[in-house]
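Following: one structure in C-alpha cells, then a few remarks.
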Amino acid sequence: MRVGLFVPCYIDQMYPDVAVATLELLEGAGLKVEFPAAQTCCGQPMANTGCNDAARPLAARFLDLFDPFDYIVCPSGSCTSMVRNHFSDLVGNDPRLASIQSRTFEFCEFLHDVHPIDFSGHRFPFRVGLHQSCHGLRELRLGGDSEQMIERPDKVRSLLAQVQGLSFVELQRVDECCGFGGTFAVNERAVSVAMGEDRVQDHLEAGAEVMVASDMSCLMHLWGLISRQGSPLAVMHVAQVLAGRSPSVSVKNSIKPKAGNAL
Amino acid sequence: MATVSEHPEKAAAYIADRSRSRWHDGALWFVRSKRDRMAHSLPEWERLRSTASQIKAHTIANLPEILQQFEANAKARGVHVHWAADAQEHNEIVLEIVRKQNATRVVKSKSMLTEECHLNPHLEANGIEVIDTDLGERIVQMRGERPSHIVLPAIHIKKEEVGETFAKYLGTEPGASDPQYLTEAARQHLRSKFLEAEVGITGVNFAIAETGGFVVCTNEGNADLGASLPRVHIACMGIEKLIPRLVDLSVFVRLLARSATGQPITTYTSHFHGPRPGCELHIVLVDNGRSRIRDSDEFRSALGCIRCGACMNTCPVFRRSGGHSYDAVVPGPIGSVLSPAADTKQHRSLPYACSLCGSCTDVCPVKIPLHHQLLTWRQQIASQGLLPVSKTAAMRAGSMLFQHPRIYALAGALGRRALRWLPKSWIYNRANPWGLDRDLPEPPVESFRSWWQTNRQGTSVDEGMKSKGAKNGK
Ligand code: SF4
C-alpha cells in the first residue's frame, strides 16, 4: 500500500514538525509513505477568495502528483476538504478526480476509518482543550457538531482519548470558529481577532494547558494571539500529541530529533 | 446608485467597543443555545429539516402554478390580490389602497418585505403616518435606525438605551430600564395608535396555496390587533412565502420558532382566511428580484428561507460585528447571499464577511447551503472583476509561485530567514495586518521538504540555501 503524504504549504514552511509527526505515526504503523516533493499548495487560498482561475492549475498539479497513490493523507481538515469538496469546481471534468477524492483522507480520519493505530501505550499528562476545526467538523464530518442533531463518531477526540494521562477540559462553546478563515484573518482582521481572543479565553477559563487541533492554521492564528497576550497556553497539532511530543517542544516549531520519539 | 459598502470597516468600528461587541455576542449566543435545546427536544429534528427543504424545493420549482392556485383560492375568499414586480410597484399599490380609504394613519406589524421595499419612507413622504407596532421595530423606528436583525430588530440596543429613548418619546421616567415598566409604557402608547389607525399592514410568514389563507406569527399579538382593529388589512409578502398545502404548515411552524428564538411555537400563530364582514383584505405579492434568484442554479434554494434568523444568531461574524455592519436590509449569512443578488457591486464585501465555518448551513431549518453559496458569490464577484486589483494580483502571483516548486521552496526559505533575522519593526508594522494583533509563528530553520530530502532521500539540500543548524535527527 502506497501512501502519499499531502503536506499543506504552511505546514511545510512553518510547522515541519507536524508533518514529521504525521509521517512517523504512519510509518510506525507499517505503512510505506512517500512525499511527492513537487507538491506545493492545493489552491485553497485562491479558491476561497473566488479566484478559481488561479486555483485551477494547482488543483490539476495535485491530481498529477497524487494519482499514483493508494491513499493520500493530510494533517489538515481544511486542505483535505479542499480536495474532496471543492476540486470539482476546479477540475470537475478530470476523469481521475472522483477516485482521488475517495482516496484522500484527513489524518485522524485515516487513522479512525482506514488504518487504526493503538495509542493506549502513549502518555500525555496534560489538560487538553480540543479545538474542533470547522472544516474538519462541518465539511468532513470528523465529528458531530452542535448545530445538527446527528450523532457522529468524534474521530479526533477518540484518538486522543486513548492516550494515558490526557484529560479533556469542558469548553463553553464546543465548536465555535476560531476566526482564522484563510484570507479572512487579514481581510476581516477585527472580527477575526475578536473571534480568536474569545476562543482562547474559553480554553483558558476551562483550565486547558494545551490547546489541540487537527488544523495547524487555526492554531497559527490562536497561537499568534496567545503569544501576544503572554497567556500560559500551549498549542499542539493532534499528530504531535499522538507522536509523543511535549508541549514545550511543539511550540518551538523545530523538528524534534527522531531519536527522542515516544513511538 | 448606492455607494459600495465595506463590511470590514463597519465591523471594525463596532468591535472597537469590545464590551458592546461581547455583550451582543452573548445575547445572541443565549438565543442560539435555547435553539439548540429546543432542537434537541425533537428526535425528528433532522427529518423535519429535510422535509421542509424538500417542500420548499418543490414549491420553488413549481412556483408559477402554486402562485396561481393561491391567487384563485384567495380571491374566492373575497381577498383582493395584487402583484408587484418590484419595490416601487409594491409601495404604489399600498399607497393607493391607503389613499382610497382617505386614511392618514397606518399601523404596521413586523415585515421584512416592507423594510426591503422601503415602504415607510414612501408612505411618510405622501403624508401618511406609519407606526411600527412590533416593540423592537418601534424602538428602532423612534431612534431613526433600521432593524439590525430580522427577528430581533432591536437586539443591538441595551435596555438602558431603550429607557432613554422612551423617556424622550414617551415621557417615561428618565433612567428607567426595567423591561416590564418600559414594555407597559410601550403597550399604552401603541394601544392608542391601534385605536386611531385606519389601515393595518402585516407581513406574511406562510401563505397556503391549497386554501388561499395565510399565517402570521408574532410573540406580541400586535399583528392581530393591527389586522382586526382597522377596517382594512394589507398583507405584503414575497412570492417565496408560499407553501403548497395546509399540512405542510405543521412542518414550518415547528421549525420556525424553535430556530428563531428557541420557543416551541410563537405566542400567536394567526390564520387569515378572507376579510371580516364589511372590511377589506388585500394581499400584495411581490417579486422584487426573486424570479431572478429562482432562475439561477446556484442560489435558487436561498428562496426557501423562512426568515427565522437562526443563521444570524449562530454566525460568529454577525454576533461580533452587529447587524448594521452589513449595511443591508437582511444582514448575516442569508443577507450576504441575497444582497449581492440585488446589487452585486454595492454588496460585494458581504460574501467575504465569513470565515466559512459552515455553522449557518448546519443550523438552517430549510437546509440552505449558505456558506457554499457565499463561496459561489466570491467566484462570481471575482469573475465580474469586482475584486480589488491588489487581491486578484496577489492570488495570481501566489498561483504562479505554487506552480514552480523550486521557486516556492526558495521563497519559503528566504521568507523564513527574513522572519528570523529582520528587526521586529520591519515585520510588525502597518503593512502586515496579521501582526497588528497577532504574533507571527517562529519560523523553523528547515522546511519539511528539506527535512525529507535529508532524512528520507539522503540528499542534503536546503532548497539551495544550505544552512547550519538546519539538520537534526539522522
Ligand atoms: S437562511 Fe435559513 S437560518 Fe437563515 S434566516 Fe433563512 S431559514 Fe433561517
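In the C-alpha cells, the first chain shown is A, the next is B, and so on; residue numbers restart at 1 for each chain, and ligands run from 1 in the order shown.
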Within 10 Å of ligand 1, counting only C-alpha atoms and all ligand atoms: which residues, as a PyMOL selection string?
chain B and resi 52-53+149-151+252+255-256+259-260+301-315+330-338+359-370
Range 139-189 of chain B: which residues are alpha helix (DSSP H) by DSSP, as a VMD selection string?
chain B and resid 139 to 142 159 to 169 179 to 189
Which residues of chain A come within 7 Å of chain B, and for each one, what is the closest pair of atoms and their distance in Å to one decimal, counting only C-alpha atoms, sorted by chain and residue number, as JSON lines?
```
{"residue": "A:Asp12", "atom": "CA", "partner": "B:Phe448", "partner_atom": "CA", "distance": 4.8}
{"residue": "A:Gln13", "atom": "CA", "partner": "B:Ser447", "partner_atom": "CA", "distance": 4.8}
{"residue": "A:Met14", "atom": "CA", "partner": "B:Pro443", "partner_atom": "CA", "distance": 5.6}
{"residue": "A:Pro16", "atom": "CA", "partner": "B:Phe448", "partner_atom": "CA", "distance": 4.5}
{"residue": "A:Ala19", "atom": "CA", "partner": "B:Phe448", "partner_atom": "CA", "distance": 6.8}
{"residue": "A:Ala37", "atom": "CA", "partner": "B:Arg449", "partner_atom": "CA", "distance": 6.5}
{"residue": "A:Ala38", "atom": "CA", "partner": "B:Pro405", "partner_atom": "CA", "distance": 5.6}
{"residue": "A:Gln39", "atom": "CA", "partner": "B:Pro405", "partner_atom": "CA", "distance": 6.8}
{"residue": "A:Thr40", "atom": "CA", "partner": "B:Phe402", "partner_atom": "CA", "distance": 5.5}
{"residue": "A:Cys41", "atom": "CA", "partner": "B:Phe402", "partner_atom": "CA", "distance": 6.1}
{"residue": "A:Met46", "atom": "CA", "partner": "B:Met395", "partner_atom": "CA", "distance": 5.6}
{"residue": "A:Asn48", "atom": "CA", "partner": "B:Leu375", "partner_atom": "CA", "distance": 6.6}
{"residue": "A:Thr49", "atom": "CA", "partner": "B:Arg378", "partner_atom": "CA", "distance": 6.2}
{"residue": "A:Gly50", "atom": "CA", "partner": "B:Gln379", "partner_atom": "CA", "distance": 3.8}
{"residue": "A:Cys51", "atom": "CA", "partner": "B:Ala382", "partner_atom": "CA", "distance": 6.0}
{"residue": "A:Asn52", "atom": "CA", "partner": "B:Gln379", "partner_atom": "CA", "distance": 6.8}
{"residue": "A:Ala54", "atom": "CA", "partner": "B:Arg396", "partner_atom": "CA", "distance": 5.4}
{"residue": "A:Ala55", "atom": "CA", "partner": "B:Ser399", "partner_atom": "CA", "distance": 6.6}
{"residue": "A:Leu58", "atom": "CA", "partner": "B:Gln403", "partner_atom": "CA", "distance": 6.5}
{"residue": "A:Cys134", "atom": "CA", "partner": "B:Cys357", "partner_atom": "CA", "distance": 5.1}
{"residue": "A:His135", "atom": "CA", "partner": "B:Cys357", "partner_atom": "CA", "distance": 6.6}
{"residue": "A:Arg138", "atom": "CA", "partner": "B:Gly358", "partner_atom": "CA", "distance": 6.2}
{"residue": "A:Glu147", "atom": "CA", "partner": "B:Val363", "partner_atom": "CA", "distance": 5.2}
{"residue": "A:Gln148", "atom": "CA", "partner": "B:Asp362", "partner_atom": "CA", "distance": 5.9}
{"residue": "A:Met149", "atom": "CA", "partner": "B:Glu46", "partner_atom": "CA", "distance": 6.4}
{"residue": "A:Cys177", "atom": "CA", "partner": "B:Cys357", "partner_atom": "CA", "distance": 6.1}
{"residue": "A:Gly179", "atom": "CA", "partner": "B:Ser355", "partner_atom": "CA", "distance": 6.2}
{"residue": "A:Phe180", "atom": "CA", "partner": "B:Ser355", "partner_atom": "CA", "distance": 6.8}
{"residue": "A:Gly181", "atom": "CA", "partner": "B:Ser355", "partner_atom": "CA", "distance": 4.3}
{"residue": "A:Phe184", "atom": "CA", "partner": "B:Ser355", "partner_atom": "CA", "distance": 5.9}
{"residue": "A:Val186", "atom": "CA", "partner": "B:Trp434", "partner_atom": "CA", "distance": 5.9}
{"residue": "A:Glu188", "atom": "CA", "partner": "B:Pro8", "partner_atom": "CA", "distance": 5.2}
{"residue": "A:Ala190", "atom": "CA", "partner": "B:Ala12", "partner_atom": "CA", "distance": 5.1}
{"residue": "A:Val191", "atom": "CA", "partner": "B:Val317", "partner_atom": "CA", "distance": 6.3}
{"residue": "A:Met220", "atom": "CA", "partner": "B:Pro441", "partner_atom": "CA", "distance": 6.6}
{"residue": "A:Gly224", "atom": "CA", "partner": "B:Asp439", "partner_atom": "CA", "distance": 4.2}
{"residue": "A:Leu225", "atom": "CA", "partner": "B:Arg438", "partner_atom": "CA", "distance": 4.8}
{"residue": "A:Ser227", "atom": "CA", "partner": "B:Asp439", "partner_atom": "CA", "distance": 6.3}
{"residue": "A:Arg228", "atom": "CA", "partner": "B:Asp439", "partner_atom": "CA", "distance": 5.8}
{"residue": "A:Lys252", "atom": "CA", "partner": "B:Glu442", "partner_atom": "CA", "distance": 6.9}
{"residue": "A:Asn253", "atom": "CA", "partner": "B:Pro444", "partner_atom": "CA", "distance": 5.7}
{"residue": "A:Ser254", "atom": "CA", "partner": "B:Pro444", "partner_atom": "CA", "distance": 5.4}
{"residue": "A:Pro257", "atom": "CA", "partner": "B:Gly473", "partner_atom": "CA", "distance": 4.4}
{"residue": "A:Lys258", "atom": "CA", "partner": "B:Gly473", "partner_atom": "CA", "distance": 5.1}
{"residue": "A:Ala259", "atom": "CA", "partner": "B:Gly473", "partner_atom": "CA", "distance": 6.7}
```
With only C-alpha atoms as the atoms that count, which of A:Val210, A:Leu65, A:Ser78, A:Asp215 lies nearest to Val235 in chain A?
A:Val210
So that I can see what lies close to Asp248 in chain B, please list as number ranges by chain the residues with an atom at most 10 Å from it, counting only C-alpha atoms and leaving out residues fewer than 4 positions away in the same chain.
B: 51-52, 55-56, 206, 208, 243-244, 252-253
Find the spatial neighbours of range 281-283 of chain B, counting only C-alpha atoms, within a cut-off of 7 Å - ignore same-chain residues fewer than 6 positions away - and output them as a ChimeraX atom specification.
/B:79-82,232-236,274-275
Could the residues in this selection be written to a file with C-alpha atoms, as a tab-separated table (two decimals), in the first residue's frame?
```
chain	number	residue	atom	x	y	z
B	79	VAL	CA	-59.40	38.80	-0.88
B	80	HIS	CA	-58.05	41.48	-3.25
B	81	VAL	CA	-54.84	40.08	-4.74
B	82	HIS	CA	-52.23	42.46	-6.17
B	232	VAL	CA	-58.59	47.49	6.02
B	233	HIS	CA	-55.83	44.92	6.28
B	234	ILE	CA	-52.99	44.83	3.74
B	235	ALA	CA	-50.73	41.79	3.87
B	236	CYS	CA	-47.45	42.17	2.00
B	274	GLY	CA	-60.60	36.36	3.88
B	275	PRO	CA	-61.85	39.73	5.13
```
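The coordinates place CA of Cys42 in chain A at 24.1 Å from CA of Leu419 in chain B.
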Two-atom distance - CA of Glu197 in chain A, CA of Glu161 in chain B (Å)
27.5 Å
